[in-house]
>>> print(open('upload.pdb').read())   # PDB, C-alpha atoms
ATOM      1  CA  SER D  16     -35.563  -1.760   8.987  1.00  0.00           C
ATOM      2  CA  GLU D  17     -35.809  -1.377  12.764  1.00  0.00           C
ATOM      3  CA  LEU D  18     -32.053  -0.888  13.021  1.00  0.00           C
ATOM      4  CA  VAL D  19     -32.247   2.036  10.600  1.00  0.00           C
ATOM      5  CA  SER D  20     -35.345   3.647  12.069  1.00  0.00           C
ATOM      6  CA  ASN D  21     -34.169   3.256  15.679  1.00  0.00           C
ATOM      7  CA  PHE D  22     -30.454   3.961  15.287  1.00  0.00           C
ATOM      8  CA  SER D  23     -29.402   6.870  17.474  1.00  0.00           C
ATOM      9  CA  GLY D  24     -25.641   6.438  17.761  1.00  0.00           C
ATOM     10  CA  ASP D  25     -22.829   8.676  16.621  1.00  0.00           C
ATOM     11  CA  SER D  26     -20.378   7.931  13.794  1.00  0.00           C
ATOM     12  CA  ASN D  27     -18.262   5.665  16.009  1.00  0.00           C
ATOM     13  CA  ALA D  28     -21.277   3.621  17.052  1.00  0.00           C
ATOM     14  CA  GLU D  29     -22.403   3.311  13.447  1.00  0.00           C
ATOM     15  CA  THR D  30     -18.941   2.234  12.296  1.00  0.00           C
ATOM     16  CA  LEU D  31     -18.836  -0.431  14.990  1.00  0.00           C
ATOM     17  CA  ALA D  32     -22.353  -1.644  14.188  1.00  0.00           C
ATOM     18  CA  VAL D  33     -21.680  -1.893  10.448  1.00  0.00           C
ATOM     19  CA  TYR D  34     -18.295  -3.555  10.777  1.00  0.00           C
ATOM     20  CA  SER D  35     -19.529  -5.937  13.455  1.00  0.00           C
ATOM     21  CA  ILE D  36     -21.737  -7.350  10.727  1.00  0.00           C
ATOM     22  CA  VAL D  37     -19.190  -7.116   7.902  1.00  0.00           C
ATOM     23  CA  ASN D  38     -16.214  -8.474   9.843  1.00  0.00           C
ATOM     24  CA  THR D  39     -18.230 -11.320  11.348  1.00  0.00           C
ATOM     25  CA  LEU D  40     -19.473 -12.507   7.961  1.00  0.00           C
ATOM     26  CA  THR D  41     -16.136 -12.084   6.171  1.00  0.00           C
ATOM     27  CA  GLN D  42     -14.354 -14.308   8.657  1.00  0.00           C
ATOM     28  CA  PHE D  43     -15.629 -17.202   6.520  1.00  0.00           C
ATOM     29  CA  ASP D  44     -13.539 -18.089   3.453  1.00  0.00           C
ATOM     30  CA  THR D  45     -16.586 -18.098   1.181  1.00  0.00           C
ATOM     31  CA  VAL D  46     -17.573 -14.504   2.048  1.00  0.00           C
ATOM     32  CA  LYS D  47     -15.409 -11.752   0.550  1.00  0.00           C
ATOM     33  CA  GLU D  48     -17.837  -8.807   0.626  1.00  0.00           C
ATOM     34  CA  VAL D  49     -21.061  -7.943   2.423  1.00  0.00           C
ATOM     35  CA  GLN D  50     -23.914  -5.884   1.001  1.00  0.00           C
ATOM     36  CA  ILE D  51     -26.299  -4.527   3.626  1.00  0.00           C
ATOM     37  CA  LEU D  52     -29.908  -4.407   2.433  1.00  0.00           C
ATOM     38  CA  VAL D  53     -33.019  -3.250   4.257  1.00  0.00           C
ATOM     39  CA  ASP D  54     -36.219  -4.969   3.199  1.00  0.00           C
ATOM     40  CA  GLY D  55     -34.366  -6.187   0.107  1.00  0.00           C
ATOM     41  CA  GLN D  56     -33.308  -2.685  -0.968  1.00  0.00           C
ATOM     42  CA  THR D  57     -29.931  -0.972  -0.885  1.00  0.00           C
ATOM     43  CA  ILE D  58     -29.669   1.963   1.492  1.00  0.00           C
ATOM     44  CA  ASP D  59     -27.133   4.771   1.687  1.00  0.00           C
ATOM     45  CA  THR D  60     -26.469   4.594   5.414  1.00  0.00           C
ATOM     46  CA  ILE D  61     -27.816   3.187   8.668  1.00  0.00           C
ATOM     47  CA  GLY D  62     -27.439   6.311  10.771  1.00  0.00           C
ATOM     48  CA  GLY D  63     -26.132   9.010   8.465  1.00  0.00           C
ATOM     49  CA  HIS D  64     -22.392   8.528   8.966  1.00  0.00           C
ATOM     50  CA  VAL D  65     -21.161   5.360   7.222  1.00  0.00           C
ATOM     51  CA  SER D  66     -21.957   4.578   3.590  1.00  0.00           C
ATOM     52  CA  VAL D  67     -23.371   1.092   3.091  1.00  0.00           C
ATOM     53  CA  ALA D  68     -24.521   1.780  -0.480  1.00  0.00           C
ATOM     54  CA  THR D  69     -22.037  -0.707  -1.963  1.00  0.00           C
ATOM     55  CA  ALA D  70     -20.601  -4.061  -0.940  1.00  0.00           C
ATOM     56  CA  MET D  71     -18.120  -3.759   1.900  1.00  0.00           C
ATOM     57  CA  THR D  72     -14.954  -5.683   2.689  1.00  0.00           C
ATOM     58  CA  ARG D  73     -13.371  -6.627   5.978  1.00  0.00           C
ATOM     59  CA  ASP D  74     -11.654  -3.906   8.032  1.00  0.00           C
ATOM     60  CA  GLU D  75      -8.900  -5.533  10.074  1.00  0.00           C
ATOM     61  CA  GLY D  76      -8.081  -2.177  11.675  1.00  0.00           C
ATOM     62  CA  LEU D  77     -11.213  -2.358  13.792  1.00  0.00           C
ATOM     63  CA  ILE D  78     -10.427  -5.805  15.207  1.00  0.00           C
ATOM     64  CA  GLN D  79      -8.625  -5.880  18.525  1.00  0.00           C
TER      65      GLN D  79
END
>>> encode(input="upload.pdb", output="structure tokens")
Amino acid sequence: SELVSNFSGDSNAETLAVYSIVNTLTQFDTVKEVQILVDGQTIDTIGGHVSVATAMTRDEGLIQ
């Protein structure tokens, strides 16, 4: 919940934050999608720019 309440980045920062989590977890063969929950509840977004309301898959385009 602190990430959501203290997030002050722009859309690029939010995209990188979200996909840092998603891409890290989906590097394992047993993880295909990641659902971000806050205090056990789904949320729409972390900072108002990127939807995290549904399970997310890896985005290879963000990996350099």
>>> closest_residue(input="upload.pdb", among="D:Gln42, D:Gln79, D:Gln50, D:Asn27", to="Gly63 of chain D", atoms="all atoms listed in the file")
D:Asn27
>>> atom_distance(input="upload.pdb", atom1="atom CA of Val67 of chain D", atom2="atom CA of Glu48 of chain D")
11.6 Å
>>> resolve_selection(input="upload.pdb", expression="the PyMOL selection byres ((chain D and resi 25) around 12)", output="list in words")
Phe22, Ser23, Gly24, Ser26, Asn27, Ala28, Glu29, Thr30, Leu31, Ala32, Ile61, Gly62, Gly63, His64 and Val65 of chain D
>>> resolve_selection(input="upload.pdb", expression="the PyMOL selection byres ((chain D and resi 53) around 12)", output="PDB file with C-alpha atoms, in the frame of the given file")
ATOM      1  CA  SER D  16     -35.563  -1.760   8.987  1.00  0.00           C
ATOM      2  CA  GLU D  17     -35.809  -1.377  12.764  1.00  0.00           C
ATOM      3  CA  LEU D  18     -32.053  -0.888  13.021  1.00  0.00           C
ATOM      4  CA  VAL D  19     -32.247   2.036  10.600  1.00  0.00           C
ATOM      5  CA  SER D  20     -35.345   3.647  12.069  1.00  0.00           C
ATOM      6  CA  GLN D  50     -23.914  -5.884   1.001  1.00  0.00           C
ATOM      7  CA  ILE D  51     -26.299  -4.527   3.626  1.00  0.00           C
ATOM      8  CA  LEU D  52     -29.908  -4.407   2.433  1.00  0.00           C
ATOM      9  CA  ASP D  54     -36.219  -4.969   3.199  1.00  0.00           C
ATOM     10  CA  GLY D  55     -34.366  -6.187   0.107  1.00  0.00           C
ATOM     11  CA  GLN D  56     -33.308  -2.685  -0.968  1.00  0.00           C
ATOM     12  CA  THR D  57     -29.931  -0.972  -0.885  1.00  0.00           C
ATOM     13  CA  ILE D  58     -29.669   1.963   1.492  1.00  0.00           C
ATOM     14  CA  ASP D  59     -27.133   4.771   1.687  1.00  0.00           C
ATOM     15  CA  THR D  60     -26.469   4.594   5.414  1.00  0.00           C
ATOM     16  CA  ILE D  61     -27.816   3.187   8.668  1.00  0.00           C
ATOM     17  CA  VAL D  67     -23.371   1.092   3.091  1.00  0.00           C
ATOM     18  CA  ALA D  68     -24.521   1.780  -0.480  1.00  0.00           C
TER      19      ALA D  68
END
>>> resolve_selection(input="upload.pdb", expression="the PyMOL selection byres ((chain D and resi 47) around 12)", output="PDB file with C-alpha atoms, in the coordinates of the input")
ATOM      1  CA  VAL D  37     -19.190  -7.116   7.902  1.00  0.00           C
ATOM      2  CA  ASN D  38     -16.214  -8.474   9.843  1.00  0.00           C
ATOM      3  CA  THR D  39     -18.230 -11.320  11.348  1.00  0.00           C
ATOM      4  CA  LEU D  40     -19.473 -12.507   7.961  1.00  0.00           C
ATOM      5  CA  THR D  41     -16.136 -12.084   6.171  1.00  0.00           C
ATOM      6  CA  GLN D  42     -14.354 -14.308   8.657  1.00  0.00           C
ATOM      7  CA  PHE D  43     -15.629 -17.202   6.520  1.00  0.00           C
ATOM      8  CA  ASP D  44     -13.539 -18.089   3.453  1.00  0.00           C
ATOM      9  CA  THR D  45     -16.586 -18.098   1.181  1.00  0.00           C
ATOM     10  CA  VAL D  46     -17.573 -14.504   2.048  1.00  0.00           C
ATOM     11  CA  GLU D  48     -17.837  -8.807   0.626  1.00  0.00           C
ATOM     12  CA  VAL D  49     -21.061  -7.943   2.423  1.00  0.00           C
ATOM     13  CA  GLN D  50     -23.914  -5.884   1.001  1.00  0.00           C
ATOM     14  CA  ALA D  70     -20.601  -4.061  -0.940  1.00  0.00           C
ATOM     15  CA  MET D  71     -18.120  -3.759   1.900  1.00  0.00           C
ATOM     16  CA  THR D  72     -14.954  -5.683   2.689  1.00  0.00           C
ATOM     17  CA  ARG D  73     -13.371  -6.627   5.978  1.00  0.00           C
ATOM     18  CA  ASP D  74     -11.654  -3.906   8.032  1.00  0.00           C
TER      19      ASP D  74
END
>>> axis_aligned_box(input="upload.pdb", around="segment 37-52 of chain D", padding_each_side="4 Å", output="lines of an AutoDock Vina configuration file")
center_x = -21.7
center_y = -11.3
center_z = 5.9
size_x = 24.4
size_y = 21.7
size_z = 18.8
>>> build_atoms(input="upload.pdb", residues="segment 32-53 of chain D", atoms="N, CA, C and O atoms", output="PDB file, keeping the file's coordinate frame")
ATOM      1  N   ALA D  32     -21.189  -0.822  14.526  1.00  0.00           N
ATOM      2  CA  ALA D  32     -22.353  -1.644  14.188  1.00  0.00           C
ATOM      3  C   ALA D  32     -22.200  -2.252  12.798  1.00  0.00           C
ATOM      4  O   ALA D  32     -22.411  -3.457  12.599  1.00  0.00           O
ATOM      5  N   VAL D  33     -21.822  -1.427  11.834  1.00  0.00           N
ATOM      6  CA  VAL D  33     -21.680  -1.893  10.448  1.00  0.00           C
ATOM      7  C   VAL D  33     -20.570  -2.939  10.359  1.00  0.00           C
ATOM      8  O   VAL D  33     -20.762  -4.023   9.798  1.00  0.00           O
ATOM      9  N   TYR D  34     -19.417  -2.635  10.917  1.00  0.00           N
ATOM     10  CA  TYR D  34     -18.295  -3.555  10.777  1.00  0.00           C
ATOM     11  C   TYR D  34     -18.387  -4.769  11.699  1.00  0.00           C
ATOM     12  O   TYR D  34     -17.698  -5.767  11.460  1.00  0.00           O
ATOM     13  N   SER D  35     -19.243  -4.724  12.695  1.00  0.00           N
ATOM     14  CA  SER D  35     -19.529  -5.937  13.455  1.00  0.00           C
ATOM     15  C   SER D  35     -20.184  -6.960  12.540  1.00  0.00           C
ATOM     16  O   SER D  35     -19.873  -8.144  12.574  1.00  0.00           O
ATOM     17  N   ILE D  36     -21.061  -6.478  11.696  1.00  0.00           N
ATOM     18  CA  ILE D  36     -21.737  -7.350  10.727  1.00  0.00           C
ATOM     19  C   ILE D  36     -20.756  -7.789   9.639  1.00  0.00           C
ATOM     20  O   ILE D  36     -20.598  -8.984   9.361  1.00  0.00           O
ATOM     21  N   VAL D  37     -20.090  -6.823   9.024  1.00  0.00           N
ATOM     22  CA  VAL D  37     -19.190  -7.116   7.902  1.00  0.00           C
ATOM     23  C   VAL D  37     -18.044  -8.019   8.329  1.00  0.00           C
ATOM     24  O   VAL D  37     -17.759  -9.037   7.678  1.00  0.00           O
ATOM     25  N   ASN D  38     -17.371  -7.683   9.413  1.00  0.00           N
ATOM     26  CA  ASN D  38     -16.214  -8.474   9.843  1.00  0.00           C
ATOM     27  C   ASN D  38     -16.611  -9.862  10.330  1.00  0.00           C
ATOM     28  O   ASN D  38     -15.859 -10.813  10.145  1.00  0.00           O
ATOM     29  N   THR D  39     -17.769  -9.995  10.926  1.00  0.00           N
ATOM     30  CA  THR D  39     -18.230 -11.320  11.348  1.00  0.00           C
ATOM     31  C   THR D  39     -18.472 -12.211  10.135  1.00  0.00           C
ATOM     32  O   THR D  39     -18.033 -13.361  10.101  1.00  0.00           O
ATOM     33  N   LEU D  40     -19.160 -11.688   9.138  1.00  0.00           N
ATOM     34  CA  LEU D  40     -19.473 -12.507   7.961  1.00  0.00           C
ATOM     35  C   LEU D  40     -18.253 -12.805   7.108  1.00  0.00           C
ATOM     36  O   LEU D  40     -18.137 -13.892   6.539  1.00  0.00           O
ATOM     37  N   THR D  41     -17.313 -11.866   7.014  1.00  0.00           N
ATOM     38  CA  THR D  41     -16.136 -12.084   6.171  1.00  0.00           C
ATOM     39  C   THR D  41     -15.061 -12.917   6.835  1.00  0.00           C
ATOM     40  O   THR D  41     -14.021 -13.179   6.226  1.00  0.00           O
ATOM     41  N   GLN D  42     -15.308 -13.387   8.044  1.00  0.00           N
ATOM     42  CA  GLN D  42     -14.354 -14.308   8.657  1.00  0.00           C
ATOM     43  C   GLN D  42     -14.417 -15.683   7.990  1.00  0.00           C
ATOM     44  O   GLN D  42     -13.507 -16.495   8.130  1.00  0.00           O
ATOM     45  N   PHE D  43     -15.472 -15.936   7.233  1.00  0.00           N
ATOM     46  CA  PHE D  43     -15.629 -17.202   6.520  1.00  0.00           C
ATOM     47  C   PHE D  43     -14.997 -17.087   5.142  1.00  0.00           C
ATOM     48  O   PHE D  43     -15.183 -16.082   4.447  1.00  0.00           O
ATOM     49  N   ASP D  44     -14.260 -18.111   4.725  1.00  0.00           N
ATOM     50  CA  ASP D  44     -13.539 -18.089   3.453  1.00  0.00           C
ATOM     51  C   ASP D  44     -14.437 -17.844   2.244  1.00  0.00           C
ATOM     52  O   ASP D  44     -13.985 -17.298   1.240  1.00  0.00           O
ATOM     53  N   THR D  45     -15.684 -18.232   2.331  1.00  0.00           N
ATOM     54  CA  THR D  45     -16.586 -18.098   1.181  1.00  0.00           C
ATOM     55  C   THR D  45     -17.220 -16.709   1.077  1.00  0.00           C
ATOM     56  O   THR D  45     -17.903 -16.426   0.102  1.00  0.00           O
ATOM     57  N   VAL D  46     -16.992 -15.856   2.062  1.00  0.00           N
ATOM     58  CA  VAL D  46     -17.573 -14.504   2.048  1.00  0.00           C
ATOM     59  C   VAL D  46     -16.448 -13.486   1.906  1.00  0.00           C
ATOM     60  O   VAL D  46     -15.606 -13.356   2.786  1.00  0.00           O
ATOM     61  N   LYS D  47     -16.441 -12.763   0.807  1.00  0.00           N
ATOM     62  CA  LYS D  47     -15.409 -11.752   0.550  1.00  0.00           C
ATOM     63  C   LYS D  47     -15.927 -10.336   0.763  1.00  0.00           C
ATOM     64  O   LYS D  47     -15.179  -9.443   1.147  1.00  0.00           O
ATOM     65  N   GLU D  48     -17.215 -10.114   0.472  1.00  0.00           N
ATOM     66  CA  GLU D  48     -17.837  -8.807   0.626  1.00  0.00           C
ATOM     67  C   GLU D  48     -19.235  -8.983   1.212  1.00  0.00           C
ATOM     68  O   GLU D  48     -19.841 -10.037   1.067  1.00  0.00           O
ATOM     69  N   VAL D  49     -19.726  -7.926   1.837  1.00  0.00           N
ATOM     70  CA  VAL D  49     -21.061  -7.943   2.423  1.00  0.00           C
ATOM     71  C   VAL D  49     -21.829  -6.726   1.916  1.00  0.00           C
ATOM     72  O   VAL D  49     -21.320  -5.605   1.960  1.00  0.00           O
ATOM     73  N   GLN D  50     -23.022  -6.962   1.415  1.00  0.00           N
ATOM     74  CA  GLN D  50     -23.914  -5.884   1.001  1.00  0.00           C
ATOM     75  C   GLN D  50     -25.056  -5.820   2.004  1.00  0.00           C
ATOM     76  O   GLN D  50     -25.747  -6.811   2.208  1.00  0.00           O
ATOM     77  N   ILE D  51     -25.233  -4.697   2.647  1.00  0.00           N
ATOM     78  CA  ILE D  51     -26.299  -4.527   3.626  1.00  0.00           C
ATOM     79  C   ILE D  51     -27.543  -4.025   2.905  1.00  0.00           C
ATOM     80  O   ILE D  51     -27.505  -2.991   2.239  1.00  0.00           O
ATOM     81  N   LEU D  52     -28.624  -4.770   3.026  1.00  0.00           N
ATOM     82  CA  LEU D  52     -29.908  -4.407   2.433  1.00  0.00           C
ATOM     83  C   LEU D  52     -30.939  -4.259   3.535  1.00  0.00           C
ATOM     84  O   LEU D  52     -30.866  -4.938   4.557  1.00  0.00           O
ATOM     85  N   VAL D  53     -31.896  -3.406   3.327  1.00  0.00           N
ATOM     86  CA  VAL D  53     -33.019  -3.250   4.257  1.00  0.00           C
ATOM     87  C   VAL D  53     -34.282  -3.533   3.467  1.00  0.00           C
ATOM     88  O   VAL D  53     -34.560  -2.860   2.469  1.00  0.00           O
TER      89      VAL D  53
END
